[in-house]
There are 2 protein chains.
Amino acid sequence: MSDTELSCSNCDKASCALLTLSPKEISEMEIHTNQTDMHKGDLLLRQETPFHSIIYLRSGYVKEFVINKNGPDQIVQMIKPRSYIGLQSLFSNKVSAFSFQAISDVELCYIEQDTFNILIRGNGDFAREILIALSNETLNNQKRILGLNQKQIFGKVADTMLYMSEQIFENKEFDLMMSRSEIAQMIASTRESVTKALLWFHQERMIDMRKNRLKILNVTRLKDISKKG
Amino acid sequence: MSDTELSCSNCDKASCALLTLSPKEISEMEIHTNQTDMHKGDLLLRQETPFHSIIYLRSGYVKEFVINKNGPDQIVQMIKPRSYIGLQSLFSNKVSAFSFQAISDVELCYIEQDTFNILIRGNGDFAREILIALSNETLNNQKRILGLNQKQIFGKVADTMLYMSEQIFENKEFDLMMSRSEIAQMIASTRESVTKALLWFHQERMIDMRKNRLKILNVTRLKDISKKG
DNA sequence: GTTTAATTGTGAAATAGATCACTATTTCAT
DNA sequence: ATGAAATAGTGATCTATTTCACAATTAAAC
């Protein structure tokens with residue numbers, strides 16, 4: 001919002017990859033970057049849509065999902081601050097494979113894709129950081145989704161709560177930014193089943209839930225349920 | 001097996017990426033590459049194991065899977081000839097995230113990982129080819145597995161037969177190289193359910209099955225079942 | 001070629017989870 | 001503050017799929 005904040009060089013929420021860039025490269029990036037704010041519920045990018053920018057999530061949370069003709073959407077992952085959005089499709093298609101929606105108010109930086117590509121070509125360390133980020137994200141997602149597949153519902157929900165706590169919010173207490181239906185879309189289940197699981201966890205004092213504030217009380221037991229439940 | 005076959009420069013089963021390398025780079029690769037043959041059932045690489053080579057699959061077929069403590073293995077994908085194995089973990093970990101097993105006799109080239117990395121750093125076009133291959137593979141897998149999640153069994157099995165026909169064997173007729181149990185491991189189901197699905201498809205003349213030779217007779221109907229069944 | 005092991009087929013019973021129809025609560029807009 | 005819309009909770013029913021136990025077939029080993 002203030003003038004200084006619009007500069008990448010003194011950004012207080014910069015990515016790890018940015019640290020590998022020279023001052024000259026950073027100012028090159030600044031020229032081709034636009035910062036925008038968006039609100040909860042806004043769609044950042046729609047699948048099958050051509051995209052010309054890589055989006056950097058300065059603050060706030062985003063969900064990545066696939067829109068299905070027959071049946072409900074499928075949520076692939078939640079994205080936390082200081083992440084790049086759209087890297088998956090950078091090296092393959094010109095269109096985005098997924099849709100992205102803000103699940104809180106967010107601050108975004110739109111970096112022109114061409115500029116991004118030039119930086120990757122010109123700076124091996126930057127390229128390496130980006131590739132590591134992309135690889136790790138992809139690998140984590142793949143393993144999580146594979147793991148989900150062979151759990152039953154209580155296990156799936158437990159797993160998802162632990163995922164949010166450990167991977168996304170990095171805290172035992174957090175605001176559940178998704179509705180029961182959305183959680184169901186993360187695990188290919190139904191609103192009702194999610195409700196029942198969460199209520200049971202609450203009854204059994206594994207979690208505390210009031211409004212949309214969730215606190216994990218018994219990690220061990222939840223992990224146990226996640227493993228074989 | 002003959003002397004000429006051991007050279008990358010006149011390999012008759014080379015990858016697309018290889019075409020981007022200069023003669024000098026190719027001979028650099030040759031020095032650090034070993035060709036081996038393996039048999040059906042052999043384990044090429046075990047998850048959580050350090051690996052020092054990227055494996056190039058010259059001929060034959062491989063399954064990529066995760067070994068689970070509690071419960072059956074999960075098969076991530078089948079890998080067809082002229083593919084690199086282990087790229088997923090190249091940019092992140094020093095250990096492989098997945099296990100790989102030959103499901104037919106295979107010819108393999110072990111390329112030292114350091115050499116591979118040097119080539120990627122030194123040749124932007126090579127790097128690009130590798131990244132595109134990796135991105136596409138990852139994206140396809142992710143979409144397929146997500147799609148599977150919200151189908152019911154007949155849909156999952158239909159989907160898997162079409163996947164084999166279209167993506168892997170590129171033919172309507174092919175040898176089913178996996179047992180019913182293994183197919184079940186691809187879709188998080190059971191041997192018995194796979195059996196029932198395949199028999200029904202056969203009865204309904206959507207496929208022809210004798211021994212392990214499978215022929216797809218009615219693509220349209222199978223696709224229909226895959227979509228909403 | 002015979003024996004042994006592994007894989008596949010089959011139907012009945014058990015069950016996890018979806019679906020449905022409805023109520024309660026929370027959130028949002030005016 | 002009030003009403004409307006969205007989200008969440010609840011229990012009964014229904015159904016797809018797993019589980020189990022056993023028979024049949026196919027592949028491997030000697």
# chains A, B, ... in the order shown; residues from 1 in each chain; ligands from 1
>>> select_by_dssp(residues="chain A", states="alpha helix (DSSP H)", output="ChimeraX atom specification")
/A:23-31,113-122,124-149,153-163,180-186,191-203,219-227
>>> interface_residues(of="chain D", to="chain A", cutoff="12 Å", atoms="only C-alpha atoms (C1' of nucleotides)", output="list in words")
DA6, DT7, DA8, DG9, DT10 and DG11 of chain D
>>> closest_atom_pairs(of="chain A", to="chain B", cutoff="8 Å", atoms="only C-alpha atoms", output="JSON lines")
{"residue": "A:Asn70", "atom": "CA", "partner": "B:Lys228", "partner_atom": "CA", "distance": 7.3}
{"residue": "A:Gln74", "atom": "CA", "partner": "B:Leu146", "partner_atom": "CA", "distance": 7.5}
{"residue": "A:Gln88", "atom": "CA", "partner": "B:Ser135", "partner_atom": "CA", "distance": 6.7}
{"residue": "A:Ser89", "atom": "CA", "partner": "B:Ser135", "partner_atom": "CA", "distance": 7.5}
{"residue": "A:Phe91", "atom": "CA", "partner": "B:Ile132", "partner_atom": "CA", "distance": 5.4}
{"residue": "A:Ser92", "atom": "CA", "partner": "B:Ile132", "partner_atom": "CA", "distance": 5.4}
{"residue": "A:Ala97", "atom": "CA", "partner": "B:Leu139", "partner_atom": "CA", "distance": 7.9}
{"residue": "A:Arg121", "atom": "CA", "partner": "B:Gly124", "partner_atom": "CA", "distance": 7.2}
{"residue": "A:Gly124", "atom": "CA", "partner": "B:Arg121", "partner_atom": "CA", "distance": 7.2}
{"residue": "A:Arg128", "atom": "CA", "partner": "B:Phe91", "partner_atom": "CA", "distance": 7.7}
{"residue": "A:Leu131", "atom": "CA", "partner": "B:Phe91", "partner_atom": "CA", "distance": 6.4}
{"residue": "A:Ile132", "atom": "CA", "partner": "B:Phe91", "partner_atom": "CA", "distance": 5.3}
{"residue": "A:Ser135", "atom": "CA", "partner": "B:Ser92", "partner_atom": "CA", "distance": 6.0}
{"residue": "A:Asn136", "atom": "CA", "partner": "B:Ser92", "partner_atom": "CA", "distance": 6.0}
{"residue": "A:Thr138", "atom": "CA", "partner": "B:Thr138", "partner_atom": "CA", "distance": 7.7}
{"residue": "A:Leu139", "atom": "CA", "partner": "B:Gln88", "partner_atom": "CA", "distance": 7.4}
{"residue": "A:Gln142", "atom": "CA", "partner": "B:Gln142", "partner_atom": "CA", "distance": 6.9}
{"residue": "A:Ile145", "atom": "CA", "partner": "B:Leu146", "partner_atom": "CA", "distance": 7.9}
{"residue": "A:Leu146", "atom": "CA", "partner": "B:Gln74", "partner_atom": "CA", "distance": 7.4}
{"residue": "A:Asn149", "atom": "CA", "partner": "B:Ala188", "partner_atom": "CA", "distance": 6.4}
{"residue": "A:Gln150", "atom": "CA", "partner": "B:Ala188", "partner_atom": "CA", "distance": 5.9}
{"residue": "A:Ala188", "atom": "CA", "partner": "B:Gln150", "partner_atom": "CA", "distance": 5.9}
{"residue": "A:Lys227", "atom": "CA", "partner": "B:Asn70", "partner_atom": "CA", "distance": 7.8}
{"residue": "A:Lys228", "atom": "CA", "partner": "B:Asn70", "partner_atom": "CA", "distance": 7.2}
>>> atom_distance(atom1="C1' of DA21 in chain C", atom2="C1' of DA12 in chain D")
9.8 Å
>>> interface_residues(of="chain C", to="chain A", cutoff="10 Å", atoms="only C-alpha atoms (C1' of nucleotides)", output="PyMOL selection string")
chain C and resi 16-19+26
>>> residues_around(residues="Asp224 in chain B", least_positions_apart="2", cutoff="12 Å", atoms="only C-alpha atoms (C1' of nucleotides)", output="PyMOL selection string")
(chain A and resi 70) or (chain B and resi 151+154-156+158-159+162+206+218-222+226-229)
>>> write_last_selection(atoms="C-alpha atoms", output="mmCIF file, in the first residue's frame")
data_model
loop_
_atom_site.group_PDB
_atom_site.id
_atom_site.type_symbol
_atom_site.label_atom_id
_atom_site.label_comp_id
_atom_site.auth_asym_id
_atom_site.auth_seq_id
_atom_site.Cartn_x
_atom_site.Cartn_y
_atom_site.Cartn_z
ATOM 1 C CA ASN A 70 -20.386 -34.409 -13.338
ATOM 2 C CA LYS B 151 -15.672 -42.721 -9.373
ATOM 3 C CA PHE B 154 -16.724 -50.035 -12.458
ATOM 4 C CA GLY B 155 -15.774 -46.509 -13.459
ATOM 5 C CA LYS B 156 -12.342 -46.892 -11.906
ATOM 6 C CA ALA B 158 -12.931 -48.813 -17.021
ATOM 7 C CA ASP B 159 -10.734 -45.768 -16.542
ATOM 8 C CA LEU B 162 -8.500 -46.978 -21.075
ATOM 9 C CA MET B 206 -16.915 -54.020 -24.141
ATOM 10 C CA ASN B 218 -16.346 -50.645 -27.242
ATOM 11 C CA VAL B 219 -14.374 -47.529 -26.315
ATOM 12 C CA THR B 220 -17.427 -45.282 -26.251
ATOM 13 C CA ARG B 221 -19.291 -47.361 -23.705
ATOM 14 C CA LEU B 222 -16.193 -47.785 -21.539
ATOM 15 C CA SER B 226 -15.529 -44.235 -16.738
ATOM 16 C CA LYS B 227 -17.198 -40.829 -16.671
ATOM 17 C CA LYS B 228 -20.224 -41.589 -14.560
ATOM 18 C CA GLY B 229 -20.263 -45.136 -13.298
#
>>> residues_around(residues="DT4 in chain C", least_positions_apart="2", cutoff="12 Å", atoms="only C-alpha atoms (C1' of nucleotides)", output="mmCIF file with all heavy atoms, in the first residue's frame")
data_model
loop_
_atom_site.group_PDB
_atom_site.id
_atom_site.type_symbol
_atom_site.label_atom_id
_atom_site.label_comp_id
_atom_site.auth_asym_id
_atom_site.auth_seq_id
_atom_site.Cartn_x
_atom_site.Cartn_y
_atom_site.Cartn_z
ATOM 1 P P DT C 2 0.878 -87.568 -16.194
ATOM 2 O OP1 DT C 2 0.785 -89.051 -16.258
ATOM 3 O OP2 DT C 2 -0.170 -86.720 -16.762
ATOM 4 O "O5'" DT C 2 1.120 -87.183 -14.662
ATOM 5 C "C5'" DT C 2 2.382 -87.515 -14.088
ATOM 6 C "C4'" DT C 2 2.662 -86.651 -12.878
ATOM 7 O "O4'" DT C 2 3.250 -85.399 -13.284
ATOM 8 C "C3'" DT C 2 1.481 -86.301 -11.976
ATOM 9 O "O3'" DT C 2 1.833 -86.651 -10.639
ATOM 10 C "C2'" DT C 2 1.272 -84.808 -12.183
ATOM 11 C "C1'" DT C 2 2.686 -84.346 -12.546
ATOM 12 N N1 DT C 2 2.813 -83.128 -13.389
ATOM 13 C C2 DT C 2 3.775 -82.196 -13.060
ATOM 14 O O2 DT C 2 4.520 -82.304 -12.119
ATOM 15 N N3 DT C 2 3.826 -81.119 -13.912
ATOM 16 C C4 DT C 2 3.029 -80.875 -15.021
ATOM 17 O O4 DT C 2 3.180 -79.878 -15.706
ATOM 18 C C5 DT C 2 2.029 -81.890 -15.300
ATOM 19 C C7 DT C 2 1.109 -81.730 -16.464
ATOM 20 C C6 DT C 2 1.972 -82.962 -14.473
ATOM 21 P P DA C 6 3.391 -69.424 -3.747
ATOM 22 O OP1 DA C 6 4.635 -68.638 -3.610
ATOM 23 O OP2 DA C 6 2.534 -69.705 -2.571
ATOM 24 O "O5'" DA C 6 2.506 -68.723 -4.867
ATOM 25 C "C5'" DA C 6 3.050 -68.535 -6.169
ATOM 26 C "C4'" DA C 6 1.939 -68.116 -7.101
ATOM 27 O "O4'" DA C 6 1.010 -69.214 -7.253
ATOM 28 C "C3'" DA C 6 1.123 -66.922 -6.601
ATOM 29 O "O3'" DA C 6 1.181 -65.925 -7.601
ATOM 30 C "C2'" DA C 6 -0.290 -67.473 -6.402
ATOM 31 C "C1'" DA C 6 -0.294 -68.684 -7.322
ATOM 32 N N9 DA C 6 -1.209 -69.748 -6.908
ATOM 33 C C8 DA C 6 -1.266 -70.391 -5.703
ATOM 34 N N7 DA C 6 -2.190 -71.334 -5.641
ATOM 35 C C5 DA C 6 -2.781 -71.295 -6.899
ATOM 36 C C6 DA C 6 -3.829 -72.041 -7.476
ATOM 37 N N6 DA C 6 -4.486 -72.995 -6.828
ATOM 38 N N1 DA C 6 -4.163 -71.741 -8.748
ATOM 39 C C2 DA C 6 -3.495 -70.773 -9.400
ATOM 40 N N3 DA C 6 -2.496 -70.016 -8.967
ATOM 41 C C4 DA C 6 -2.185 -70.327 -7.694
ATOM 42 P P DA D 27 -1.778 -69.003 -17.780
ATOM 43 O OP1 DA D 27 -1.624 -67.653 -18.340
ATOM 44 O OP2 DA D 27 -1.816 -70.186 -18.653
ATOM 45 O "O5'" DA D 27 -0.645 -69.212 -16.685
ATOM 46 C "C5'" DA D 27 -0.545 -68.275 -15.616
ATOM 47 C "C4'" DA D 27 0.575 -68.686 -14.685
ATOM 48 O "O4'" DA D 27 0.202 -69.916 -14.005
ATOM 49 C "C3'" DA D 27 1.914 -68.961 -15.384
ATOM 50 O "O3'" DA D 27 2.898 -68.257 -14.640
ATOM 51 C "C2'" DA D 27 2.069 -70.483 -15.310
ATOM 52 C "C1'" DA D 27 1.264 -70.837 -14.059
ATOM 53 N N9 DA D 27 0.639 -72.151 -14.069
ATOM 54 C C8 DA D 27 -0.160 -72.693 -15.029
ATOM 55 N N7 DA D 27 -0.618 -73.892 -14.747
ATOM 56 C C5 DA D 27 -0.067 -74.157 -13.512
ATOM 57 C C6 DA D 27 -0.153 -75.278 -12.650
ATOM 58 N N6 DA D 27 -0.860 -76.366 -12.936
ATOM 59 N N1 DA D 27 0.514 -75.214 -11.475
ATOM 60 C C2 DA D 27 1.219 -74.108 -11.191
ATOM 61 N N3 DA D 27 1.373 -73.002 -11.916
ATOM 62 C C4 DA D 27 0.701 -73.097 -13.069
ATOM 63 P P DA D 28 4.419 -68.353 -15.041
ATOM 64 O OP1 DA D 28 5.007 -67.048 -14.706
ATOM 65 O OP2 DA D 28 4.548 -68.934 -16.385
ATOM 66 O "O5'" DA D 28 4.985 -69.415 -13.980
ATOM 67 C "C5'" DA D 28 4.755 -69.175 -12.589
ATOM 68 C "C4'" DA D 28 5.453 -70.229 -11.751
ATOM 69 O "O4'" DA D 28 4.710 -71.479 -11.833
ATOM 70 C "C3'" DA D 28 6.889 -70.540 -12.184
ATOM 71 O "O3'" DA D 28 7.689 -70.518 -11.016
ATOM 72 C "C2'" DA D 28 6.799 -71.928 -12.837
ATOM 73 C "C1'" DA D 28 5.572 -72.541 -12.155
ATOM 74 N N9 DA D 28 4.796 -73.449 -12.984
ATOM 75 C C8 DA D 28 4.394 -73.276 -14.278
ATOM 76 N N7 DA D 28 3.672 -74.261 -14.756
ATOM 77 C C5 DA D 28 3.578 -75.141 -13.698
ATOM 78 C C6 DA D 28 2.944 -76.394 -13.546
ATOM 79 N N6 DA D 28 2.253 -76.981 -14.523
ATOM 80 N N1 DA D 28 3.055 -77.007 -12.345
ATOM 81 C C2 DA D 28 3.747 -76.414 -11.368
ATOM 82 N N3 DA D 28 4.381 -75.239 -11.392
ATOM 83 C C4 DA D 28 4.261 -74.657 -12.593
ATOM 84 P P DA D 29 9.155 -71.077 -10.986
ATOM 85 O OP1 DA D 29 9.836 -70.353 -9.900
ATOM 86 O OP2 DA D 29 9.704 -71.093 -12.356
ATOM 87 O "O5'" DA D 29 8.957 -72.577 -10.525
ATOM 88 C "C5'" DA D 29 8.471 -72.851 -9.208
ATOM 89 C "C4'" DA D 29 8.707 -74.314 -8.907
ATOM 90 O "O4'" DA D 29 7.861 -75.119 -9.776
ATOM 91 C "C3'" DA D 29 10.148 -74.777 -9.161
ATOM 92 O "O3'" DA D 29 10.513 -75.672 -8.115
ATOM 93 C "C2'" DA D 29 10.071 -75.485 -10.510
ATOM 94 C "C1'" DA D 29 8.654 -76.072 -10.459
ATOM 95 N N9 DA D 29 8.033 -76.283 -11.765
ATOM 96 C C8 DA D 29 8.152 -75.528 -12.895
ATOM 97 N N7 DA D 29 7.444 -75.975 -13.916
ATOM 98 C C5 DA D 29 6.827 -77.104 -13.406
ATOM 99 C C6 DA D 29 5.942 -78.042 -13.981
ATOM 100 N N6 DA D 29 5.514 -77.959 -15.240
ATOM 101 N N1 DA D 29 5.504 -79.049 -13.202
ATOM 102 C C2 DA D 29 5.925 -79.114 -11.927
ATOM 103 N N3 DA D 29 6.759 -78.296 -11.277
ATOM 104 C C4 DA D 29 7.163 -77.312 -12.089
ATOM 105 P P DC D 30 11.989 -76.115 -7.906
ATOM 106 O OP1 DC D 30 12.356 -75.749 -6.531
ATOM 107 O OP2 DC D 30 12.792 -75.630 -9.058
ATOM 108 O "O5'" DC D 30 11.901 -77.687 -8.020
ATOM 109 C "C5'" DC D 30 10.764 -78.379 -7.467
ATOM 110 C "C4'" DC D 30 10.613 -79.708 -8.161
ATOM 111 O "O4'" DC D 30 9.961 -79.520 -9.436
ATOM 112 C "C3'" DC D 30 11.944 -80.409 -8.460
ATOM 113 O "O3'" DC D 30 11.987 -81.653 -7.790
ATOM 114 C "C2'" DC D 30 11.964 -80.600 -9.978
ATOM 115 C "C1'" DC D 30 10.505 -80.430 -10.365
ATOM 116 N N1 DC D 30 10.297 -79.831 -11.715
ATOM 117 C C2 DC D 30 9.259 -80.341 -12.514
ATOM 118 O O2 DC D 30 8.549 -81.263 -12.087
ATOM 119 N N3 DC D 30 9.056 -79.812 -13.748
ATOM 120 C C4 DC D 30 9.842 -78.806 -14.179
ATOM 121 N N4 DC D 30 9.592 -78.320 -15.385
ATOM 122 C C5 DC D 30 10.897 -78.278 -13.380
ATOM 123 C C6 DC D 30 11.083 -78.805 -12.168
#
>>> atom_distance(atom1="CA of Asn212 in chain B", atom2="C1' of DT8 in chain C")
11.5 Å
>>> select_by_dssp(residues="range 42-121 of chain B", states="strand (DSSP E)", output="ChimeraX atom specification")
/B:43-45,53-59,62-66,74-79,83-85,99-102,106-112
>>> atom_distance(atom1="CA of Gln35 in chain A", atom2="CA of Ser7 in chain A")
9.6 Å
